[in-house]
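A.B. asks: Input: one structure, supplied below.
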Protein chains: 2
Amino acid sequence: MDQRYEHYTAMVEQWLAGRIGPGDEDTDGLRQVMAYSLMAGGKRVRPVLCLEFARICGGDPVKALPVACAVEMLHTYSLIHDDLPCMDDSDIRRGRPSSHKRFGQTAAVLAGDCLQAEAFAAVCDAPIGQAEKYRCCRILSRAAGAEGICGGQYMDLKAGPATAEKLAKTDRLKTAALMAAACAMGAAAAGAEEDAVSGAYRFGQALGMAFQCRDDILDNDGFCALLGREKCLEMTQEYTRAALEGLDGFEDTGFLRELTGRLSGRHA
Amino acid sequence: MDQRYEHYTAMVEQWLAGRIGPGDEDTDGLRQVMAYSLMAGGKRVRPVLCLEFARICGGDPVKALPVACAVEMLHTYSLIHDDLPCMDDSDIRRGRPSSHKRFGQTAAVLAGDCLQAEAFAAVCDAPIGQAEKYRCCRILSRAAGAEGICGGQYMDLKAGPATAEKLAKTDRLKTAALMAAACAMGAAAAGAEEDAVSGAYRFGQALGMAFQCRDDILDNDGFCALLGREKCLEMTQEYTRAALEGLDGFEDTGFLRELTGRLSGRHA
């Protein structure tokens, strides 16, 4: 799978670099702040999932590329805002100063705001049908709003006793919703039936939960801190199994099965 | 025109109140922060423009209502973020404490972020065709991004010598782009031809510039401070004339002509 993964990430890097590149001189500075975080060398898991779902649903990954990159732009905006002093107050992101440390809070807030808007603009510029673009916008807006990452971030920051139920919901909104959206948008961009789009969504949701549980184990945080390492490992396996079962409705799923194994830690 | 204006704003208030109302208990607090700013009794100029353009383009304002309210949600998000300490640092908005003064910066940033996402979700939930919703999303995303309010806010906050050219561009991006989008989205929601959508956009852009020039005169700011009151009055009249001329391509424009007069100060 490595060759295809690299092929997809090369497509993503190239498209994002071209998209966010120099505009007019008046707003160039803003674009540079956006590019600093967007081109910081993430693993591009979400766009890769999106492109692969477009492919297995019979679409052309090249046509789905702006849609895949939109998910990465939305993800990057959420990281920039999460790092702000009034949120998680993180000075470092991917081994470099976070956006507000490098450019100040004003620029960081604006760059995040702008990346969210430009994510929707990217979907709207994809060379796919209008109905497909509408479906992708709908999926993305839900993953971004009160029932998605904003709601999840709100729950995460709100004081209150941690219960397994609250923790699972926080992870579902904050982490799993966007991975689910990435998969569903790939299927939708390819013009897949509603059943396949829902199937892709459920796979991405289970994968996102497995991914988060594994993260909790690595950081001794979240479920691992609350329920213990054994129980958290068990949950990771359960979510991973659910994800893999979710792929049974699709064909040509070798790449996604291998990727699921890696992201949930079996091969880590 | 007062009766129709009141009818439209009543529709908007009711739809927004229902939309933003109680969700589940976990994210209710976030919804309350959003509602505090969204239901603060603005004049609803942008949604009114949107609804009226839907009507004169042969559409049903009731069906365009979620689209009109999406523009107001996007406008409200921009006000919440503009008021932040790292932006304009305003403690008061519409006679009440601004969002971050009332709820803290964390909640204010999140509520703004969420309102932007929910604006796109509102467009996607409108009872109009998928092609129409796609067009509305495209127009909204452009008005929100680097070539719209984010770019305008960036120019506004960036240090540098004020020239008439830079000032005009800042106003065009920060203020006029969203008023233009409101008009164009109304036309697009009604399924109007591309020519009519562009015509609505140009009208809204000229109206937005007239509106901003009038604001500059009232506050002795912007163009008024730079070029003097006389010149700024002249510019207001020029933009107003351009806006009114832009209506010549439409029928049944009495309401819009009267509204243009009010917003540009002729009847103020």
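In the structure tokens, chains take letters A, B, ... by order of appearance, with residues numbered from 1 within each chain and ligands from 1 in the order shown.
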Can you pull out the residues contacting Ala117 in chain A? Cut-off 8 Å, using only C-alpha atoms, and skip same-chain residues under 5 positions away; I want them as a short mmCIF file (atom, residue, chain, number, x, y, z; two decimals) with C-alpha atoms, in the first residue's frame.
C.D. replies:
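As a result, out-v3.cif now contains:
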data_model
loop_
_atom_site.label_atom_id
_atom_site.label_comp_id
_atom_site.auth_asym_id
_atom_site.auth_seq_id
_atom_site.Cartn_x
_atom_site.Cartn_y
_atom_site.Cartn_z
CA GLN B 116 -19.62 29.52 10.13
CA SER B 141 -17.69 30.35 0.59
CA ARG B 142 -16.15 33.01 -1.66
CA ALA B 144 -16.27 34.24 3.58
CA GLY B 145 -12.70 33.44 2.52
#
A.B. asks: Would you list the contacts of range 65-67 of chain A as a PyMOL selection string, taking every protein, DNA or RNA residue within 10 Å and counting only C-alpha atoms, but skipping same-chain residues closer than 4 positions in sequence?
C.D. replies: chain A and resi 8+11-12+15-16+19+47-48+50-51+54+60-61+71-73+119-128+133+136-137+140+182+185-186+188-189
A.B. asks: Report the closest atom pair, with its distance in Å rounded to one decimal, for each residue of chain A that has an atom no farther than 9 Å from chain B; count only C-alpha atoms, sort by chain and then rising residue number, and write it as a Markdown table.
C.D. replies:
| residue | atom | partner | partner_atom | distance |
| --- | --- | --- | --- | --- |
| A:Gly23 | CA | B:Ala146 | CA | 8.9 |
| A:Asp26 | CA | B:Met155 | CA | 6.6 |
| A:Thr27 | CA | B:Gly151 | CA | 5.8 |
| A:Gly29 | CA | B:Tyr154 | CA | 8.5 |
| A:Leu30 | CA | B:Tyr154 | CA | 6.8 |
| A:Arg31 | CA | B:Ala146 | CA | 7.7 |
| A:His81 | CA | B:Val109 | CA | 8.1 |
| A:Leu84 | CA | B:Thr106 | CA | 9.0 |
| A:Pro85 | CA | B:Thr106 | CA | 8.8 |
| A:Cys86 | CA | B:Thr106 | CA | 5.1 |
| A:Met87 | CA | B:Thr106 | CA | 5.9 |
| A:Gly104 | CA | B:Cys86 | CA | 8.6 |
| A:Gln105 | CA | B:Cys86 | CA | 6.1 |
| A:Thr106 | CA | B:Cys86 | CA | 5.1 |
| A:Ala107 | CA | B:Tyr154 | CA | 7.7 |
| A:Val109 | CA | B:His81 | CA | 8.1 |
| A:Leu110 | CA | B:Cys150 | CA | 6.3 |
| A:Ala111 | CA | B:Cys150 | CA | 8.0 |
| A:Gly112 | CA | B:Asp113 | CA | 8.9 |
| A:Asp113 | CA | B:Asp113 | CA | 7.0 |
| A:Cys114 | CA | B:Gly145 | CA | 4.9 |
| A:Leu115 | CA | B:Gly145 | CA | 7.4 |
| A:Gln116 | CA | B:Ala117 | CA | 7.9 |
| A:Ala117 | CA | B:Gly145 | CA | 5.0 |
| A:Glu118 | CA | B:Gly145 | CA | 5.6 |
| A:Ala119 | CA | B:Ser141 | CA | 8.2 |
| A:Phe120 | CA | B:Ser141 | CA | 5.8 |
| A:Ala121 | CA | B:Ser141 | CA | 5.1 |
| A:Ala122 | CA | B:Ser141 | CA | 8.9 |
| A:Val123 | CA | B:Arg138 | CA | 8.5 |
| A:Cys124 | CA | B:Arg138 | CA | 5.5 |
| A:Asp125 | CA | B:Arg138 | CA | 8.0 |
| A:Gly129 | CA | B:Ala131 | CA | 9.0 |
| A:Gln130 | CA | B:Ala131 | CA | 5.5 |
| A:Ala131 | CA | B:Gln130 | CA | 5.5 |
| A:Glu132 | CA | B:Gln130 | CA | 8.8 |
| A:Lys133 | CA | B:Tyr134 | CA | 6.5 |
| A:Tyr134 | CA | B:Tyr134 | CA | 4.9 |
| A:Arg135 | CA | B:Cys124 | CA | 8.2 |
| A:Cys137 | CA | B:Cys124 | CA | 7.3 |
| A:Arg138 | CA | B:Cys124 | CA | 5.5 |
| A:Ile139 | CA | B:Ala121 | CA | 8.5 |
| A:Leu140 | CA | B:Ala117 | CA | 8.4 |
| A:Ser141 | CA | B:Ala121 | CA | 5.1 |
| A:Arg142 | CA | B:Ala121 | CA | 6.3 |
| A:Ala143 | CA | B:Ala117 | CA | 8.6 |
| A:Ala144 | CA | B:Ala117 | CA | 5.6 |
| A:Gly145 | CA | B:Cys114 | CA | 5.0 |
| A:Ala146 | CA | B:Cys114 | CA | 6.1 |
| A:Glu147 | CA | B:Thr27 | CA | 8.1 |
| A:Ile149 | CA | B:Cys114 | CA | 8.7 |
| A:Cys150 | CA | B:Cys114 | CA | 5.7 |
| A:Gly151 | CA | B:Thr27 | CA | 5.8 |
| A:Gly152 | CA | B:Thr27 | CA | 8.3 |
| A:Gln153 | CA | B:Leu110 | CA | 8.0 |
| A:Tyr154 | CA | B:Leu30 | CA | 6.8 |
| A:Met155 | CA | B:Asp26 | CA | 6.6 |
| A:Leu157 | CA | B:Thr106 | CA | 8.6 |
| A:Lys166 | CA | B:Asp26 | CA | 8.4 |
A.B. asks: Which one of A:Gly199, A:Gly208, A:Gly228, A:Gly191 sits closest to Met179 in chain A if you count only C-alpha atoms?
C.D. replies: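 Result for the nearest residue to Met179 in chain A: A:Gly208.
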A.B. asks: Per DSSP on the backbone, what are the strand (DSSP E or B) residues of range 47-166 of chain A, as a list in words?
C.D. replies: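 Written out, the strand (DSSP E or B) residues of range 47-166 of chain A are Ile92, Arg93, Arg96 and Pro97 of chain A.
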A.B. asks: Only C-alpha atoms, please: the residues just picked out, written as a PDB file, in the first residue's frame.
C.D. replies:
ATOM      1  CA  ILE A  92       4.336  23.467  19.511  1.00  0.00           C
ATOM      2  CA  ARG A  93       2.630  21.665  16.628  1.00  0.00           C
ATOM      3  CA  ARG A  96       7.489  23.723  15.095  1.00  0.00           C
ATOM      4  CA  PRO A  97       5.999  26.765  16.828  1.00  0.00           C
TER       5      PRO A  97
END
A.B. asks: To one decimal in Å, tell me the separation between CA of His100 in chain B and CA of Leu79 in chain B.
C.D. replies: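 So the two atoms, CA of His100 in chain B and CA of Leu79 in chain B, lie 11.2 Å apart.
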A.B. asks: Smallest atom-to-atom distance to Ala177 in chain A: which of A:Ala225, A:Leu74, A:Gly261, A:Ile56, using only C-alpha atoms?
C.D. replies: A:Leu74
A.B. asks: Using only C-alpha atoms, which protein or nucleic acid residues come within 10 Å of Gln212 in chain A? Drop anything in the same chain fewer than 3 positions from it, and give the result as a ChimeraX atom specification.
C.D. replies: /A:168,171-172,174-176,206-209,215-218,222-223,236,263-264
A.B. asks: Rounded to one decimal place, report the CA of Asp83 in chain A-CA of Ser37 in chain A distance in Å.
C.D. replies: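 Rounded to one decimal, the two atoms are 11.4 Å apart.
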